[in-house]
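Written below as structure tokens is the structure these notes are about.
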Amino acid sequence: MHIVVVGAGIIGTSTAWYLAARGHRVTVLERQADAALETSFANAGQISVSHCEPWAHRDAPLKALKWMFSKEAPLLFRPQWPLGEGWQQYRWSLRFLAECNDAAFHRNVGHIVALGAYSHVALKELVAQTGIDYHRLERGISHFFATQAAFDGACELARLMQQFGVQRKVISKAELLRLEPSLAPFGEHIVGATFTASDESGDARVFTQALARDGAARGVEFLFSHRLEGLEVTGATVRGVRVRPLANEGAPSAVDTAGAGGSVRTLAADAVVVACGSFSAPLLRRVGVDLPIYPGKGYSATFPIVRPERAPSVSVIDDSRKIAITRLGDQIRVAGTIEVGGYDLGLDSPVSQARCQMLARRVEEIWPGMCDTRLPHEGGNPQFWAGLRPATPTNIPYIGQTPVRGLWVNAGHGTLGWTHGAGSGKALAARMDGENPIAGFPFCGA
């Protein structure tokens, strides 16, 4: 079959690679000038099978209400005007609230862990086959806690994860400092931690761009700097896509934002895979497919390491700020916080400025002098970034066939796109060939 994949992030690129490996002719449509220049560009870098808790849990509604008054809140809801696209936020939020109970939480954890475990195996196989180098560190992920109450909750969650086969181990502060001595100066603020040795880290952008090059060498056609004008659907069957080359390299702000470009042409296809993250939902709604995927704006900061002897070698999660810190070669990446408030990607608002500054301040508090965290007005050159995490109310992505024949979807991975990327691509390729790769996983269209 000739299959068009819309989107060249980690999900779309992995999907294309696995489809090509199965003998399909694949064309990838991407509005950016290269792969992984949007949501996959600067995430936390963690392959975190063990840290996959859904956002929706019994305490989430009360916490979200409290956090609405803090610019630095881990999860910040910014209500939108309840008309047009803003209405989708309210629909999504109601479904999210319906998942905030123990039964749903346990069910969702099970599905997310299953996909994560499958994906981790797929990633290891893919790296062994391609030899891609992406600042990989196979030294586990630690998660430290500043209060006894938070640590007690972590112990309970670790037991739940162990029921699903994840070896998330509860460790003392002393054990944590033996694993990661660089945390010693901050030790007085740590009560305890968990550690999962099987988790790892690496640069998602570097990996995805290398995988795209490998895919191109294997015959995948990448149409970069091309804007999607629409899906061609007749008689409840997808026939292809309408595309327009962009006159200037770079991305519009939405799937079909107006702008100068070349003439529109139609790419005929036997099947189309929509894998364009948060923009998948509005695109699919045009052809009658309504999926509850809504963007969560995540932030990251990347700083050059100036004192390597102080830098961590284990990727860590700071529970009190809900941020992840990862070493990527000679840089430190710190990422976290979610802002549910539409498709804005700007960094200039007071809220965005506060969140970026919090990331810089927290790294300096934990590892003083380890990296250059100075802000621009102080003479520094931090790389601040924001990306839209395509979230579902359950945090379970939509992988599978839509009601439109030949139209498939691979989207809604939230903060776990890097963790689930290889497996999601491999699983969808298998589903398109009529296989059931993960027993019990709720593939859509099943």
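For the structure tokens, the naming scheme is as follows: chains receive sequential letters (A, B, ...) according to their order of presentation, residues are indexed from 1 within each chain, and ligands are indexed from 1 in presentation order.
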
Counting only C-alpha atoms, which residues of region 278-388 of chain A fall within 12 Å of region 151-167 of chain A, and what is the closest atom pair for each with its distance in Å at one decimal, ordered by chain and rising number, as CSV?
residue,atom,partner,partner_atom,distance
A:Asp318,CA,A:Phe151,CA,11.8
A:Asp319,CA,A:Phe151,CA,9.3
A:Ser320,CA,A:Phe151,CA,10.6

Requested write-out: N, CA and C atoms of the selected residues, as a short mmCIF file (atom, residue, chain, number, x, y, z; two decimals), in the first residue's frame:
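Everything below was put into out_20.cif:
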data_model
loop_
_atom_site.label_atom_id
_atom_site.label_comp_id
_atom_site.auth_asym_id
_atom_site.auth_seq_id
_atom_site.Cartn_x
_atom_site.Cartn_y
_atom_site.Cartn_z
N ASP A 318 11.97 15.77 40.24
CA ASP A 318 11.78 16.55 41.46
C ASP A 318 10.27 16.61 41.71
N ASP A 319 9.80 15.87 42.69
CA ASP A 319 8.36 15.75 42.90
C ASP A 319 7.72 17.07 43.31
N SER A 320 8.40 17.87 44.10
CA SER A 320 7.77 19.09 44.61
C SER A 320 7.47 20.08 43.50
#

Hey, what does DSSP flag as helix (DSSP H, G or I) within region 227-307 of chain A? Can you give it to me as a PyMOL selection string? chain A and resi 277-285

Mind dumping a table of every region 353-440 of chain A residue within 12 Å of region 118-135 of chain A, with the nearest atom pair and its distance in Å to one decimal, using only C-alpha atoms, sorted by chain and rising number, as JSON lines?
{"residue": "A:Leu416", "atom": "CA", "partner": "A:Ser119", "partner_atom": "CA", "distance": 10.8}
{"residue": "A:Gly417", "atom": "CA", "partner": "A:Ser119", "partner_atom": "CA", "distance": 10.4}
{"residue": "A:Trp418", "atom": "CA", "partner": "A:Ser119", "partner_atom": "CA", "distance": 9.5}
{"residue": "A:Thr419", "atom": "CA", "partner": "A:Ser119", "partner_atom": "CA", "distance": 7.0}
{"residue": "A:His420", "atom": "CA", "partner": "A:Ser119", "partner_atom": "CA", "distance": 5.3}
{"residue": "A:Gly421", "atom": "CA", "partner": "A:Ser119", "partner_atom": "CA", "distance": 6.9}
{"residue": "A:Ala422", "atom": "CA", "partner": "A:Leu123", "partner_atom": "CA", "distance": 5.4}
{"residue": "A:Gly423", "atom": "CA", "partner": "A:Ser119", "partner_atom": "CA", "distance": 3.5}
{"residue": "A:Ser424", "atom": "CA", "partner": "A:Ser119", "partner_atom": "CA", "distance": 6.8}
{"residue": "A:Gly425", "atom": "CA", "partner": "A:Ser119", "partner_atom": "CA", "distance": 8.8}
{"residue": "A:Lys426", "atom": "CA", "partner": "A:Ala122", "partner_atom": "CA", "distance": 7.4}
{"residue": "A:Ala427", "atom": "CA", "partner": "A:Ser119", "partner_atom": "CA", "distance": 8.7}
{"residue": "A:Leu428", "atom": "CA", "partner": "A:Ser119", "partner_atom": "CA", "distance": 11.7}
{"residue": "A:Pro437", "atom": "CA", "partner": "A:Tyr118", "partner_atom": "CA", "distance": 8.9}
{"residue": "A:Ile438", "atom": "CA", "partner": "A:Tyr118", "partner_atom": "CA", "distance": 7.5}
{"residue": "A:Ala439", "atom": "CA", "partner": "A:Tyr118", "partner_atom": "CA", "distance": 10.6}

Within 7 Å of Ser201 (chain A), counting only C-alpha atoms, which residues qualify if same-chain residues fewer than 2 places away don't, as a PyMOL selection string? chain A and resi 45-47+136-138+315

Using only C-alpha atoms, which protein or nucleic acid residues come within 12 Å of Ala210 (chain A)? Drop anything in the same chain fewer than 3 positions from it, and give the result as a list in words. Ala8, Gly9, Ile10, Thr13, Ser14, Trp17, Asp34, Ala35, Ala36, Leu126, Val127, Thr130, Gly131, Ile132, Asp133, Tyr134, Asp203, Ala204, Arg205, Val206, Phe207, Arg213, Asp214, Gly215, Ala216 and Ala217 of chain A

Select, from A:Gly342, A:Gly387, A:Gly192, A:Gly12, the residue with the minimum atom-to-atom distance to Ala42 (chain A), counting only C-alpha atoms.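 When distances to Ala42 (chain A) are compared using only C-alpha atoms, the smallest one comes from A:Gly387.
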
Between A:Tyr294, A:Tyr18, A:Phe195, A:Phe222, which is the closest to Met432 (chain A) once you count only C-alpha atoms?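 Closest residue, counting only C-alpha atoms: A:Tyr18.
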
Counting only C-alpha atoms, which of A:Ala281, A:Ile332, A:Ile399, A:Val306 gets nearest to Gln88 (chain A)? A:Ala281

Can you list, as a PDB file with all heavy atoms, in the first residue's frame, all residues belonging to region 13-77 of chain A that DSSP tags as strand (DSSP E)?
ATOM      1  N   ARG A  25       4.911   1.433   0.794  1.00  0.00           N
ATOM      2  CA  ARG A  25       5.462   2.681   0.275  1.00  0.00           C
ATOM      3  C   ARG A  25       4.911   3.814   1.126  1.00  0.00           C
ATOM      4  O   ARG A  25       3.695   3.964   1.271  1.00  0.00           O
ATOM      5  CB  ARG A  25       5.075   2.878  -1.197  1.00  0.00           C
ATOM      6  CG  ARG A  25       5.680   4.144  -1.816  1.00  0.00           C
ATOM      7  CD  ARG A  25       5.585   4.099  -3.337  1.00  0.00           C
ATOM      8  NE  ARG A  25       4.232   4.252  -3.823  1.00  0.00           N
ATOM      9  CZ  ARG A  25       3.665   5.413  -4.129  1.00  0.00           C
ATOM     10  NH1 ARG A  25       4.355   6.546  -3.977  1.00  0.00           N
ATOM     11  NH2 ARG A  25       2.438   5.461  -4.591  1.00  0.00           N
ATOM     12  N   VAL A  26       5.801   4.627   1.689  1.00  0.00           N
ATOM     13  CA  VAL A  26       5.391   5.594   2.702  1.00  0.00           C
ATOM     14  C   VAL A  26       5.841   7.001   2.320  1.00  0.00           C
ATOM     15  O   VAL A  26       6.991   7.214   1.918  1.00  0.00           O
ATOM     16  CB  VAL A  26       5.977   5.236   4.089  1.00  0.00           C
ATOM     17  CG1 VAL A  26       5.468   6.213   5.153  1.00  0.00           C
ATOM     18  CG2 VAL A  26       5.627   3.799   4.471  1.00  0.00           C
ATOM     19  N   THR A  27       4.923   7.950   2.460  1.00  0.00           N
ATOM     20  CA  THR A  27       5.225   9.369   2.306  1.00  0.00           C
ATOM     21  C   THR A  27       4.864  10.075   3.603  1.00  0.00           C
ATOM     22  O   THR A  27       3.763   9.894   4.128  1.00  0.00           O
ATOM     23  CB  THR A  27       4.422   9.991   1.149  1.00  0.00           C
ATOM     24  OG1 THR A  27       4.741   9.317  -0.065  1.00  0.00           O
ATOM     25  CG2 THR A  27       4.749  11.475   1.002  1.00  0.00           C
ATOM     26  N   VAL A  28       5.800  10.855   4.135  1.00  0.00           N
ATOM     27  CA  VAL A  28       5.568  11.606   5.373  1.00  0.00           C
ATOM     28  C   VAL A  28       5.406  13.077   5.025  1.00  0.00           C
ATOM     29  O   VAL A  28       6.252  13.663   4.349  1.00  0.00           O
ATOM     30  CB  VAL A  28       6.727  11.430   6.367  1.00  0.00           C
ATOM     31  CG1 VAL A  28       6.473  12.255   7.628  1.00  0.00           C
ATOM     32  CG2 VAL A  28       6.911   9.961   6.723  1.00  0.00           C
ATOM     33  N   LEU A  29       4.320  13.656   5.498  1.00  0.00           N
ATOM     34  CA  LEU A  29       4.025  15.075   5.267  1.00  0.00           C
ATOM     35  C   LEU A  29       4.323  15.845   6.541  1.00  0.00           C
ATOM     36  O   LEU A  29       3.806  15.528   7.611  1.00  0.00           O
ATOM     37  CB  LEU A  29       2.552  15.227   4.880  1.00  0.00           C
ATOM     38  CG  LEU A  29       2.014  16.650   4.720  1.00  0.00           C
ATOM     39  CD1 LEU A  29       2.692  17.346   3.553  1.00  0.00           C
ATOM     40  CD2 LEU A  29       0.505  16.610   4.517  1.00  0.00           C
ATOM     41  N   GLN A  46      13.290  11.667  29.018  1.00  0.00           N
ATOM     42  CA  GLN A  46      13.188  10.433  29.786  1.00  0.00           C
ATOM     43  C   GLN A  46      12.390   9.352  29.065  1.00  0.00           C
ATOM     44  O   GLN A  46      11.314   9.622  28.522  1.00  0.00           O
ATOM     45  CB  GLN A  46      12.532  10.708  31.141  1.00  0.00           C
ATOM     46  CG  GLN A  46      13.352  11.589  32.052  1.00  0.00           C
ATOM     47  CD  GLN A  46      12.742  11.748  33.428  1.00  0.00           C
ATOM     48  OE1 GLN A  46      11.530  11.618  33.593  1.00  0.00           O
ATOM     49  NE2 GLN A  46      13.573  12.030  34.426  1.00  0.00           N
ATOM     50  N   ILE A  47      12.932   8.137  29.073  1.00  0.00           N
ATOM     51  CA  ILE A  47      12.188   6.945  28.670  1.00  0.00           C
ATOM     52  C   ILE A  47      11.673   6.344  29.972  1.00  0.00           C
ATOM     53  O   ILE A  47      12.346   5.570  30.653  1.00  0.00           O
ATOM     54  CB  ILE A  47      13.086   5.943  27.924  1.00  0.00           C
ATOM     55  CG1 ILE A  47      13.752   6.621  26.727  1.00  0.00           C
ATOM     56  CG2 ILE A  47      12.281   4.729  27.477  1.00  0.00           C
ATOM     57  CD1 ILE A  47      12.802   7.079  25.656  1.00  0.00           C
ATOM     58  N   LEU A  75       0.299  21.814  37.174  1.00  0.00           N
ATOM     59  CA  LEU A  75      -0.795  21.650  36.214  1.00  0.00           C
ATOM     60  C   LEU A  75      -1.691  22.875  36.328  1.00  0.00           C
ATOM     61  O   LEU A  75      -2.327  23.091  37.358  1.00  0.00           O
ATOM     62  CB  LEU A  75      -1.592  20.377  36.517  1.00  0.00           C
ATOM     63  CG  LEU A  75      -2.833  20.107  35.643  1.00  0.00           C
ATOM     64  CD1 LEU A  75      -2.444  19.995  34.177  1.00  0.00           C
ATOM     65  CD2 LEU A  75      -3.546  18.843  36.113  1.00  0.00           C
ATOM     66  N   LEU A  76      -1.706  23.679  35.288  1.00  0.00           N
ATOM     67  CA  LEU A  76      -2.433  24.946  35.321  1.00  0.00           C
ATOM     68  C   LEU A  76      -3.519  24.956  34.260  1.00  0.00           C
ATOM     69  O   LEU A  76      -3.230  24.858  33.056  1.00  0.00           O
ATOM     70  CB  LEU A  76      -1.462  26.108  35.078  1.00  0.00           C
ATOM     71  CG  LEU A  76      -2.075  27.510  35.002  1.00  0.00           C
ATOM     72  CD1 LEU A  76      -2.754  27.874  36.314  1.00  0.00           C
ATOM     73  CD2 LEU A  76      -1.008  28.536  34.642  1.00  0.00           C
ATOM     74  N   PHE A  77      -4.772  25.056  34.686  1.00  0.00           N
ATOM     75  CA  PHE A  77      -5.894  25.207  33.755  1.00  0.00           C
ATOM     76  C   PHE A  77      -6.136  26.693  33.526  1.00  0.00           C
ATOM     77  O   PHE A  77      -6.359  27.447  34.478  1.00  0.00           O
ATOM     78  CB  PHE A  77      -7.155  24.552  34.315  1.00  0.00           C
ATOM     79  CG  PHE A  77      -7.208  23.074  34.104  1.00  0.00           C
ATOM     80  CD1 PHE A  77      -6.600  22.212  34.999  1.00  0.00           C
ATOM     81  CD2 PHE A  77      -7.841  22.528  32.998  1.00  0.00           C
ATOM     82  CE1 PHE A  77      -6.630  20.837  34.821  1.00  0.00           C
ATOM     83  CE2 PHE A  77      -7.887  21.159  32.800  1.00  0.00           C
ATOM     84  CZ  PHE A  77      -7.276  20.313  33.716  1.00  0.00           C
TER      85      PHE A  77
END

Compare A:Ser313, A:Thr392, A:Thr266, A:Gln401 by their minimum atom-to-atom distance to Leu183 (chain A), counting only C-alpha atoms, and give me the closest one. A:Ser313
